[in-house]
$ cat structure14.txt   # compact mmCIF, C-alpha atoms and all ligand atoms
# COMPACT_ATOMS: atom_id res chain seq x y z
CA MET G 1 121.55 127.62 97.52
CA THR G 2 118.56 125.53 98.71
CA PRO G 3 119.60 123.48 101.74
CA ILE G 4 119.49 119.74 101.13
CA LYS G 5 116.93 117.83 103.20
CA ARG G 6 119.31 115.38 104.80
CA ARG G 7 118.51 111.70 104.88
CA ARG G 8 121.82 110.38 106.15
CA SER G 9 120.25 108.00 108.68
CA ILE G 10 116.73 106.58 108.57
CA LEU G 11 115.74 104.58 111.64
CA SER G 12 113.10 101.93 110.97
CA VAL G 13 110.81 101.51 113.99
CA PRO G 14 108.21 98.72 114.19
CA GLY G 15 104.74 100.30 114.23
CA HIS G 16 103.37 98.24 117.11
CA ARG G 17 106.37 98.71 119.50
CA GLU G 18 105.32 101.82 121.43
CA THR G 19 108.38 101.85 123.67
CA MET G 20 110.59 101.90 120.58
CA HIS G 21 108.69 104.99 119.36
CA GLN G 22 109.60 106.69 122.64
CA LYS G 23 113.20 105.67 122.17
CA ALA G 24 113.22 106.90 118.56
CA ALA G 25 111.68 110.34 119.11
CA PRO G 26 114.72 112.00 120.77
CA CYS G 27 117.43 110.08 118.85
CA ASP G 28 119.79 111.69 116.33
CA ALA G 29 118.48 110.05 113.16
CA ASP G 30 117.61 112.46 110.34
CA VAL G 31 114.51 110.41 109.55
CA ILE G 32 112.25 108.12 111.59
CA MET G 33 110.23 105.58 109.66
CA LEU G 34 107.27 104.12 111.52
CA ASP G 35 106.74 100.71 109.96
CA LEU G 36 103.46 98.95 109.25
CA GLU G 37 105.02 96.47 106.82
CA ASP G 38 107.55 93.73 107.43
CA SER G 39 108.52 94.45 111.05
CA CYS G 40 104.83 94.48 112.07
CA PRO G 41 103.08 91.10 112.32
CA VAL G 42 99.76 90.72 110.48
CA ASP G 43 97.71 90.34 113.65
CA GLU G 44 99.29 93.51 115.07
CA LYS G 45 98.54 95.80 112.12
CA THR G 46 95.28 97.21 113.48
CA ARG G 47 96.80 97.98 116.88
CA ALA G 48 99.92 99.37 115.22
CA ARG G 49 97.87 101.94 113.31
CA ALA G 50 96.39 103.23 116.57
CA THR G 51 99.83 103.24 118.23
CA ILE G 52 101.33 105.19 115.34
CA ARG G 53 98.48 107.72 115.37
CA ALA G 54 99.03 108.35 119.05
CA SER G 55 102.83 108.54 118.74
CA ILE G 56 102.74 111.01 115.87
CA ARG G 57 100.39 113.26 117.80
CA THR G 58 101.90 113.05 121.27
CA LEU G 59 105.65 112.52 121.00
CA ASP G 60 108.09 115.36 120.34
CA TRP G 61 109.83 114.45 117.08
CA GLY G 62 111.78 117.73 116.93
CA ASP G 63 112.71 118.70 113.40
CA LYS G 64 113.14 115.12 112.20
CA THR G 65 111.64 113.96 108.96
CA LEU G 66 108.82 111.59 109.90
CA THR G 67 107.77 108.86 107.51
CA LEU G 68 105.26 106.02 107.51
CA ARG G 69 105.89 102.75 105.71
CA ILE G 70 102.53 101.39 104.59
CA ASN G 71 101.92 97.86 103.36
CA PRO G 72 102.29 97.05 99.63
CA VAL G 73 99.42 98.37 97.52
CA ASP G 74 98.42 94.87 96.40
CA THR G 75 97.61 93.82 99.99
CA PRO G 76 94.33 94.39 101.85
CA TYR G 77 96.14 96.69 104.32
CA ALA G 78 97.58 99.57 102.30
CA LEU G 79 94.42 101.61 101.72
CA ARG G 80 93.38 101.27 105.37
CA ASP G 81 96.91 102.27 106.48
CA LEU G 82 96.47 105.54 104.58
CA LEU G 83 92.85 106.15 105.59
CA GLU G 84 93.52 105.60 109.27
CA ILE G 85 96.76 107.49 109.61
CA ILE G 86 96.98 110.40 107.14
CA PRO G 87 94.04 112.49 108.43
CA ALA G 88 95.10 111.96 112.05
CA ALA G 89 98.78 112.69 111.41
CA GLY G 90 98.00 115.89 109.52
CA SER G 91 100.97 117.94 108.45
CA ARG G 92 103.40 116.27 110.93
CA LEU G 93 103.91 113.35 108.57
CA ASP G 94 106.44 114.17 105.85
CA THR G 95 106.31 111.17 103.54
CA VAL G 96 104.71 107.81 102.92
CA VAL G 97 107.13 105.00 102.12
CA VAL G 98 105.65 102.57 99.59
CA PRO G 99 107.24 99.09 99.64
CA LYS G 100 107.31 96.54 96.81
CA VAL G 101 106.46 99.13 94.18
CA GLU G 102 106.06 97.23 90.92
CA SER G 103 105.09 100.00 88.51
CA ALA G 104 104.35 103.71 88.20
CA ALA G 105 100.65 102.82 88.55
CA ASP G 106 101.23 101.74 92.18
CA LEU G 107 102.42 105.26 92.96
CA HIS G 108 99.58 106.88 90.98
CA PHE G 109 97.20 105.07 93.33
CA VAL G 110 98.97 106.34 96.47
CA ASP G 111 99.24 109.85 95.01
CA ARG G 112 95.49 110.04 94.31
CA VAL G 113 94.52 108.71 97.74
CA LEU G 114 96.87 111.23 99.39
CA THR G 115 95.38 114.10 97.36
CA SER G 116 91.90 113.10 98.44
CA LEU G 117 92.83 112.73 102.13
CA GLU G 118 94.82 115.97 102.18
CA THR G 119 91.89 117.89 100.69
CA GLU G 120 89.42 116.37 103.14
CA ALA G 121 91.65 116.99 106.18
CA GLY G 122 92.86 120.44 105.09
CA ILE G 123 96.53 119.35 104.97
CA GLU G 124 98.26 122.10 102.99
CA ARG G 125 101.84 120.86 102.62
CA PRO G 126 101.83 117.93 100.18
CA ILE G 127 102.90 114.63 101.74
CA GLY G 128 105.86 113.13 99.88
CA ILE G 129 106.34 109.58 98.64
CA GLU G 130 109.40 107.31 98.91
CA ALA G 131 109.45 104.24 96.68
CA ILE G 132 111.22 101.04 97.66
CA ILE G 133 112.71 99.25 94.67
CA GLU G 134 112.91 95.60 95.64
CA SER G 135 112.19 93.35 92.67
CA ALA G 136 113.64 92.72 89.23
CA LYS G 137 110.57 94.32 87.62
CA ALA G 138 110.84 97.44 89.76
CA LEU G 139 114.55 97.78 88.94
CA ARG G 140 113.84 97.37 85.23
CA ASP G 141 111.14 100.07 85.39
CA ALA G 142 112.93 102.28 87.93
CA ASP G 143 113.04 105.23 85.51
CA ALA G 144 109.25 105.22 85.03
CA ILE G 145 108.72 104.71 88.77
CA ALA G 146 111.05 107.64 89.59
CA ALA G 147 108.98 109.91 87.33
CA ALA G 148 105.57 108.67 88.52
CA SER G 149 104.60 111.48 90.88
CA SER G 150 105.67 114.99 91.82
CA ARG G 151 105.42 113.78 95.42
CA LEU G 152 108.44 111.47 95.01
CA ARG G 153 111.38 112.38 97.23
CA CYS G 154 113.59 109.30 97.04
CA LEU G 155 114.15 105.77 95.83
CA VAL G 156 115.17 103.23 98.45
CA PHE G 157 116.87 99.90 97.78
CA GLY G 158 115.23 96.89 99.42
CA ILE G 159 118.09 94.42 99.30
CA ALA G 160 116.47 91.42 101.02
CA ASP G 161 113.30 91.39 98.93
CA TYR G 162 115.30 92.15 95.77
CA SER G 163 117.58 89.19 96.45
CA ALA G 164 114.57 86.95 97.05
CA SER G 165 112.93 88.18 93.83
CA ILE G 166 115.89 87.08 91.71
CA HIS G 167 116.78 83.97 93.78
CA MET G 168 120.11 85.41 94.89
CA PRO G 169 121.26 83.42 97.91
CA LEU G 170 121.57 85.61 101.04
CA THR G 171 121.15 84.68 104.65
CA SER G 172 121.15 88.15 106.25
CA VAL G 173 119.05 91.19 105.28
CA SER G 174 122.04 93.02 103.86
CA GLY G 175 124.36 90.45 102.43
CA HIS G 176 127.53 92.45 102.97
CA GLY G 177 130.40 90.06 103.48
CA GLU G 178 128.42 87.04 102.33
CA ASN G 179 129.54 84.99 99.35
CA ASP G 180 132.74 87.06 99.18
CA GLY G 181 134.95 85.67 96.45
CA VAL G 182 132.24 83.46 94.91
CA TYR G 183 131.65 85.96 92.12
CA PRO G 184 134.54 88.08 90.79
CA GLY G 185 133.10 91.51 91.59
CA ASP G 186 130.18 92.90 93.58
CA PRO G 187 127.09 90.91 92.53
CA LEU G 188 124.95 94.00 93.22
CA HIS G 189 127.07 96.56 91.42
CA PHE G 190 124.76 96.87 88.43
CA VAL G 191 121.74 97.08 90.72
CA TYR G 192 123.26 99.99 92.67
CA GLY G 193 124.34 101.74 89.49
CA ARG G 194 120.93 101.51 87.84
CA LEU G 195 119.04 102.55 90.95
CA ILE G 196 121.26 105.56 91.55
CA MET G 197 121.18 106.58 87.89
CA CYS G 198 117.36 106.42 87.67
CA GLY G 199 116.84 108.21 90.98
CA LYS G 200 119.31 110.99 90.36
CA ALA G 201 118.13 111.49 86.76
CA ALA G 202 114.70 112.26 88.23
CA GLY G 203 116.19 114.64 90.82
CA LEU G 204 115.56 112.28 93.74
CA GLN G 205 117.67 111.20 96.67
CA VAL G 206 118.68 107.53 96.69
CA ILE G 207 118.88 105.59 99.94
CA ASP G 208 120.56 102.26 100.62
CA ALA G 209 119.19 99.30 102.55
CA PRO G 210 120.22 98.79 106.20
CA HIS G 211 123.22 96.79 107.31
CA GLY G 212 121.63 93.85 109.06
CA ASN G 213 124.43 92.95 111.45
CA PHE G 214 123.63 95.73 113.93
CA ARG G 215 125.90 94.42 116.70
CA ASP G 216 128.96 94.97 114.47
CA PRO G 217 129.71 98.72 114.22
CA GLU G 218 132.77 98.24 112.05
CA ALA G 219 130.78 96.25 109.49
CA THR G 220 128.08 98.96 109.51
CA ARG G 221 130.79 101.57 108.92
CA ILE G 222 132.30 99.65 105.98
CA ALA G 223 128.87 99.10 104.43
CA ALA G 224 128.00 102.81 104.80
CA HIS G 225 131.32 103.85 103.23
CA ARG G 226 130.57 101.68 100.22
CA SER G 227 127.10 103.19 99.89
CA ARG G 228 128.42 106.74 100.07
CA ALA G 229 131.20 106.01 97.59
CA LEU G 230 128.55 105.04 95.03
CA GLY G 231 126.48 108.23 95.49
CA PHE G 232 123.79 107.07 97.93
CA ASP G 233 122.52 109.95 100.11
CA GLY G 234 121.95 107.85 103.21
CA LYS G 235 121.17 104.44 104.59
CA TRP G 236 118.49 102.83 106.67
CA ALA G 237 119.27 101.79 110.24
CA ILE G 238 117.48 99.04 112.09
CA HIS G 239 118.98 99.82 115.49
CA PRO G 240 119.80 103.09 117.31
CA ALA G 241 123.47 102.02 117.58
CA GLN G 242 123.86 102.52 113.82
CA ILE G 243 122.69 106.16 113.70
CA ASP G 244 125.87 108.01 114.71
CA ILE G 245 127.93 105.93 112.31
CA LEU G 246 125.64 106.80 109.40
CA ASN G 247 125.46 110.51 110.28
CA GLN G 248 129.21 110.66 110.37
CA ILE G 249 129.86 108.79 107.16
CA PHE G 250 127.23 110.61 105.12
CA SER G 251 128.50 114.04 106.30
CA PRO G 252 131.55 115.67 104.72
CA ASP G 253 134.42 115.70 107.23
CA GLU G 254 136.65 118.67 108.11
CA GLU G 255 139.21 117.72 105.49
CA GLU G 256 136.62 117.57 102.71
CA ILE G 257 135.14 120.92 103.77
CA ALA G 258 138.58 122.56 103.87
CA ARG G 259 139.40 121.16 100.42
CA ALA G 260 136.02 122.36 99.06
CA ARG G 261 136.67 125.87 100.40
CA GLN G 262 140.09 125.87 98.78
CA VAL G 263 138.64 124.74 95.44
CA ILE G 264 135.99 127.49 95.53
CA GLU G 265 138.53 130.19 96.41
CA THR G 266 141.08 129.01 93.85
CA TYR G 267 138.46 128.72 91.13
CA GLU G 268 137.04 132.20 91.83
CA GLN G 269 140.56 133.61 91.65
CA ALA G 270 141.19 131.80 88.34
CA LYS G 271 137.90 133.08 86.98
CA ALA G 272 138.80 136.65 87.92
CA GLU G 273 142.01 136.16 85.93
CA LYS G 274 139.94 134.88 82.99
CA LYS G 275 141.30 131.32 83.36
CA GLY G 276 138.97 128.34 83.07
CA ALA G 277 141.22 125.98 85.01
CA ALA G 278 143.77 126.21 87.81
CA ALA G 279 145.97 123.91 89.88
CA ILE G 280 146.00 122.96 93.55
CA GLY G 281 149.07 121.00 94.62
CA GLY G 282 149.59 119.41 91.22
CA SER G 283 145.89 118.62 90.55
CA MET G 284 143.82 120.43 87.98
CA ILE G 285 140.54 122.03 89.00
CA ASP G 286 137.90 123.52 86.72
CA GLN G 287 134.18 124.20 86.74
CA ALA G 288 133.35 120.54 87.44
CA SER G 289 135.53 120.74 90.57
CA LEU G 290 133.55 123.81 91.61
CA ARG G 291 130.28 121.86 91.30
CA MET G 292 131.70 119.03 93.44
CA ALA G 293 132.93 121.55 96.02
CA ARG G 294 129.52 123.23 96.19
CA ASP G 295 127.88 119.83 96.64
CA VAL G 296 130.18 119.17 99.64
CA MET G 297 129.27 122.55 101.16
CA ALA G 298 125.54 121.93 100.63
CA ARG G 299 125.81 118.52 102.30
CA ALA G 300 127.68 120.08 105.19
CA GLY G 301 124.82 122.57 105.56
CA ILE G 302 127.16 125.51 104.79
CA GLN G 303 125.60 128.19 102.58
N1 LIG G 401 113.89 101.76 117.05
C1 LIG G 401 113.81 102.25 118.30
N2 LIG G 401 114.33 101.65 119.38
C2 LIG G 401 115.00 100.51 119.16
C3 LIG G 401 115.13 99.94 117.89
C4 LIG G 401 114.55 100.61 116.80
N3 LIG G 401 114.62 100.12 115.54
N4 LIG G 401 115.86 98.80 117.99
C5 LIG G 401 116.17 98.67 119.28
N5 LIG G 401 115.65 99.67 119.99
C6 LIG G 401 115.77 99.89 121.43
C7 LIG G 401 115.30 98.70 122.24
O1 LIG G 401 113.91 98.76 122.46
C8 LIG G 401 116.11 98.84 123.50
O2 LIG G 401 115.50 99.83 124.30
P1 LIG G 401 115.64 99.76 125.92
O3 LIG G 401 117.10 99.92 126.19
O4 LIG G 401 114.82 100.94 126.37
O5 LIG G 401 115.08 98.43 126.31
C9 LIG G 401 117.43 99.42 122.99
O6 LIG G 401 117.13 100.04 121.73
C10 LIG G 401 118.49 98.39 122.79
O7 LIG G 401 117.98 97.38 121.95
P2 LIG G 401 118.65 95.93 121.91
O8 LIG G 401 118.34 95.19 123.15
O9 LIG G 401 120.09 96.10 121.57
O10 LIG G 401 117.96 95.27 120.66
P3 LIG G 401 116.68 94.35 120.67
O11 LIG G 401 117.12 92.93 120.80
O12 LIG G 401 115.66 94.89 121.62
O13 LIG G 401 116.09 94.57 119.18
C11 LIG G 401 115.80 94.20 116.88
C12 LIG G 401 116.77 94.06 118.06
C13 LIG G 401 116.51 93.84 115.59
C14 LIG G 401 114.62 93.26 117.07
C15 LIG G 401 115.30 95.67 116.83
O14 LIG G 401 116.44 96.49 116.74
C16 LIG G 401 114.31 95.99 115.75
O15 LIG G 401 113.14 95.64 115.82
N6 LIG G 401 114.74 96.75 114.72
C17 LIG G 401 113.88 97.25 113.67
C18 LIG G 401 113.51 96.17 112.68
C19 LIG G 401 112.82 96.77 111.49
O16 LIG G 401 112.29 97.87 111.53
N7 LIG G 401 112.80 96.02 110.37
C20 LIG G 401 112.19 96.52 109.15
C21 LIG G 401 113.11 97.35 108.34
S1 LIG G 401 114.41 96.47 107.60
MG MG G 402 111.38 94.82 101.80

$ encode --input "structure14.txt" --output "structure tokens" --more "lines below"
Ligand code: COA
Ligand code: MG
Amino acid sequence: MTPIKRRRSILSVPGHRETMHQKAAPCDADVIMLDLEDSCPVDEKTRARATIRASIRTLDWGDKTLTLRINPVDTPYALRDLLEIIPAAGSRLDTVVVPKVESAADLHFVDRVLTSLETEAGIERPIGIEAIIESAKALRDADAIAAASSRLRCLVFGIADYSASIHMPLTSVSGHGENDGVYPGDPLHFVYGRLIMCGKAAGLQVIDAPHGNFRDPEATRIAAHRSRALGFDGKWAIHPAQIDILNQIFSPDEEEIARARQVIETYEQAKAEKKGAAAIGGSMIDQASLRMARDVMARAGIQ
């Protein structure tokens, strides 16, 4: 079984804050995202590119997945972000995160530029792409976006920009707990469902937006539980304090692993007896249960 590249926790780190890069390098996040977009002020973008180049080359990132969020492709910054960082980062950079993707064409542009820069710099392992879905148009076209490039690794939900794009009133960047009871149901339920369906149908991982209230660990935990329950593979973090919570919630616990082992053993036994289904403690299991159990084992990193 191919091990899953885990993206349980993705720490966003402002591109111009060098001391935060130093703090991020040894942390326990699965993914570090160095950000040139919304956490980096316009007049800091040039300096941030140089800071990111130096950090990627000099800091020890261990075996973390390292990603770079560029600016949106319709701004004057995106092309320069790629030109100035990709050749210098070489094969240490795993993916480029493209925000405010509006169509498949936005990703075709990034794909072509990456191909050209990789060829020129002799980078052999293709750099991946992660697409942030954060507008009504992007959500509508999420299936075409998810199929736009063989470099795509995941879709990410950008809750704050999405909410702004449809005039949904939110005051925080994550909205959890806001407007509770105003609408009978979760106002974002369809959004989550469509995003997850389009991403998974294309074989991608799907990542949820961060929980904005980073001083409230219990709220982060509840938000992460909700994300996992829907099928998200992980969640962004904006602060190091959120990382352990996300790693824990997006990993199968001992009980789930024990149950998965039991399902696999019971199913194998039933198969040997030429039965398609069996029972564990009054619950039926069949081949679908086996697939769920194998998914748990893969997520736990158990072969
Ligand atoms: N990455 C790395 N280090 C971080 C960090 C991050 N995202 N957020 C905080 N830290 C560091 C701080 O620098 C500080 O380090 P120190 O102890 O060496 O001084 C330590 O963690 C504790 O930080 P704290 O004082 O609790 O928070 P803060 O007030 O300094 O920062 C934020 C709060 C929200 C400004 C900061 O967490 C941040 O910039 N987060 C990222 C925002 C972002 O990327 N937004 C775009 C994506 S949605
Ligand atoms: Mg955004």

$ residues_near_ligand --input "structure14.txt" --ligand "ligand MG 402 (chain G)" --cutoff "8 Å" --atoms "only C-alpha atoms and all ligand atoms" --output "ChimeraX atom specification"
/G:38,99-100,132,134,158-162

$ residues_around --input "structure14.txt" --residues "G:Gln248" --least-positions-apart "4" --cutoff "12 Å" --atoms "only C-alpha atoms" --output "PDB file with C-alpha atoms, in the coordinates of the input"
ATOM      1  CA  ARG G   8     121.820 110.380 106.150  1.00  0.00           C
ATOM      2  CA  SER G   9     120.250 108.000 108.680  1.00  0.00           C
ATOM      3  CA  ASP G  28     119.790 111.690 116.330  1.00  0.00           C
ATOM      4  CA  ALA G  29     118.480 110.050 113.160  1.00  0.00           C
ATOM      5  CA  ASP G  30     117.610 112.460 110.340  1.00  0.00           C
ATOM      6  CA  THR G 220     128.080  98.960 109.510  1.00  0.00           C
ATOM      7  CA  ARG G 221     130.790 101.570 108.920  1.00  0.00           C
ATOM      8  CA  ALA G 224     128.000 102.810 104.800  1.00  0.00           C
ATOM      9  CA  HIS G 225     131.320 103.850 103.230  1.00  0.00           C
ATOM     10  CA  ARG G 228     128.420 106.740 100.070  1.00  0.00           C
ATOM     11  CA  GLY G 234     121.950 107.850 103.210  1.00  0.00           C
ATOM     12  CA  LYS G 235     121.170 104.440 104.590  1.00  0.00           C
ATOM     13  CA  GLN G 242     123.860 102.520 113.820  1.00  0.00           C
ATOM     14  CA  ILE G 243     122.690 106.160 113.700  1.00  0.00           C
ATOM     15  CA  ASP G 244     125.870 108.010 114.710  1.00  0.00           C
ATOM     16  CA  PRO G 252     131.550 115.670 104.720  1.00  0.00           C
ATOM     17  CA  ASP G 253     134.420 115.700 107.230  1.00  0.00           C
ATOM     18  CA  GLU G 254     136.650 118.670 108.110  1.00  0.00           C
ATOM     19  CA  ARG G 299     125.810 118.520 102.300  1.00  0.00           C
ATOM     20  CA  ALA G 300     127.680 120.080 105.190  1.00  0.00           C
TER      21      ALA G 300
END

$ residues_near_ligand --input "structure14.txt" --ligand "ligand LIG 401 (chain G)" --cutoff "10 Å" --atoms "only C-alpha atoms and all ligand atoms" --output "number ranges by chain"
G: 10-15, 17-25, 27, 32-40, 69, 158-160, 173-174, 209-215, 236-242

$ atom_distance --input "structure14.txt" --atom1 "atom CA of G:Val263" --atom2 "atom CA of G:Leu204"
26.3 Å

$ closest_residue --input "structure14.txt" --among "G:Ala278, G:Ser251, G:Gln269, G:Leu152" --to "G:Val296" --atoms "only C-alpha atoms"
G:Ser251

$ residues_around --input "structure14.txt" --residues "G:Gly231" --least-positions-apart "2" --cutoff "12 Å" --atoms "only C-alpha atoms" --output "VMD selection string"
chain G and resid 8 192 to 197 199 to 200 204 to 208 224 to 229 233 to 235 250 295

$ atom_distance --input "structure14.txt" --atom1 "atom CA of G:Val113" --atom2 "atom CA of G:Asp60"
27.2 Å

$ atom_distance --input "structure14.txt" --atom1 "atom CA of G:Thr75" --atom2 "atom CA of G:Pro126"
24.5 Å

$ residues_around --input "structure14.txt" --residues "G:Ala136" --least-positions-apart "2" --cutoff "7 Å" --atoms "all atoms listed in the file" --output "list of chain:residue names"
G:Ala138, G:Leu139, G:Arg140, G:Tyr162, G:Ser165, G:Ile166

$ closest_residue --input "structure14.txt" --among "G:Ile145, G:Ala260, G:Ala88, G:Asp286" --to "G:Ser55" --atoms "only C-alpha atoms"
G:Ala88

$ closest_residue --input "structure14.txt" --among "G:Ala78, G:Met292, G:Ala121, G:Val110" --to "G:Gly90" --atoms "all atoms listed in the file"
G:Ala121

$ closest_residue --input "structure14.txt" --among "G:Leu188, G:Leu93, G:Ile4, G:Ala270" --to "G:Arg294" --atoms "only C-alpha atoms"
G:Ile4

$ closest_residue --input "structure14.txt" --among "G:Gln262, G:Met297, G:Ser116, G:Asn71" --to "G:Ile280" --atoms "all atoms listed in the file"
G:Gln262

$ closest_residue --input "structure14.txt" --among "G:Gly181, G:Pro87, G:Pro41, G:Pro76" --to "G:Arg53" --atoms "all atoms listed in the file"
G:Pro87

$ residues_near_point --input "structure14.txt" --point "(114.9, 117.5, 104.8)" --cutoff "8 Å" --atoms "all atoms listed in the file" --output "PyMOL selection string"
chain G and resi 4-7+30+64-65
